[in-house]
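See structure below.
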Amino acid sequence: MSNQIPFLLLIFVVFFLFIILPQQRRAKRERVFQSNLKKGDKVITKSGIHGKLFEVVDKDTTVILETMAGKIKLERSAISTELSAKLNPPPKKT
């Protein structure tokens with residue numbers, strides 16, 4: 001029995017380092033991303049809709065997305081990727 005305790009602790013540490021910790025980091029990055037959304041950002045939703053943020057409503061955590069077909073009201077959690085930084089990269093320092 002005393003042989004198994006260090007092995008079980010090792011399994012728990014490995015599980016924590018490779019599964020729980022990366023998931024917590026990913027969740028934190030997503031929360032920061034969603035809180036930094038602003039009007040005019042070009043984004044892609046998790047369902048693949050491309051558009052530009054027309055309005056960011058803070059009181060109920062929704063956004064209004066302007067697409068080619070019109071405007072759509074979505075939850076902030078439905079936004080997957082921000083394209084503004086990718087489409088307009090900052091100028092390189094020389």
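Residues are named by chain letter and number: chains run A, B, ... in the order of the structure tokens, numbers start at 1 in each chain, and ligands are numbered from 1 in the order shown.
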Can you pull out every residue from region 1-86 of chain A that DSSP, working from the backbone, puts in strand (DSSP E or B), and format the result as a list in words?
Lys42, Val43, Ile44, Thr45, His50, Gly51, Lys52, Leu53, Phe54, Glu55, Val56, Val57, Thr62, Val63, Ile64, Leu65, Glu66, Lys71, Ile72, Lys73, Leu74, Glu75, Ile79, Ser80, Thr81 and Glu82 of chain A
Each region 38-78 of chain A residue no farther than 12 Å from region 7-30 of chain A, nearest pair in Å, only C-alpha atoms, as CSV:
residue,atom,partner,partner_atom,distance
A:Arg76,CA,A:Glu30,CA,10.3
A:Ser77,CA,A:Glu30,CA,8.6
A:Ala78,CA,A:Glu30,CA,11.0
So how many Å separate CA of Met68 (chain A) and CA of Arg31 (chain A), to one decimal?
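Separation between CA of Met68 (chain A) and CA of Arg31 (chain A): 27.5 Å.
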Of the residues A:Gln34, A:Ser80, A:Ser47, A:Gln4, which is the one nearest to Thr62 (chain A), using only C-alpha atoms?
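The shortest atom-to-atom distance to Thr62 (chain A) comes from A:Gln34.
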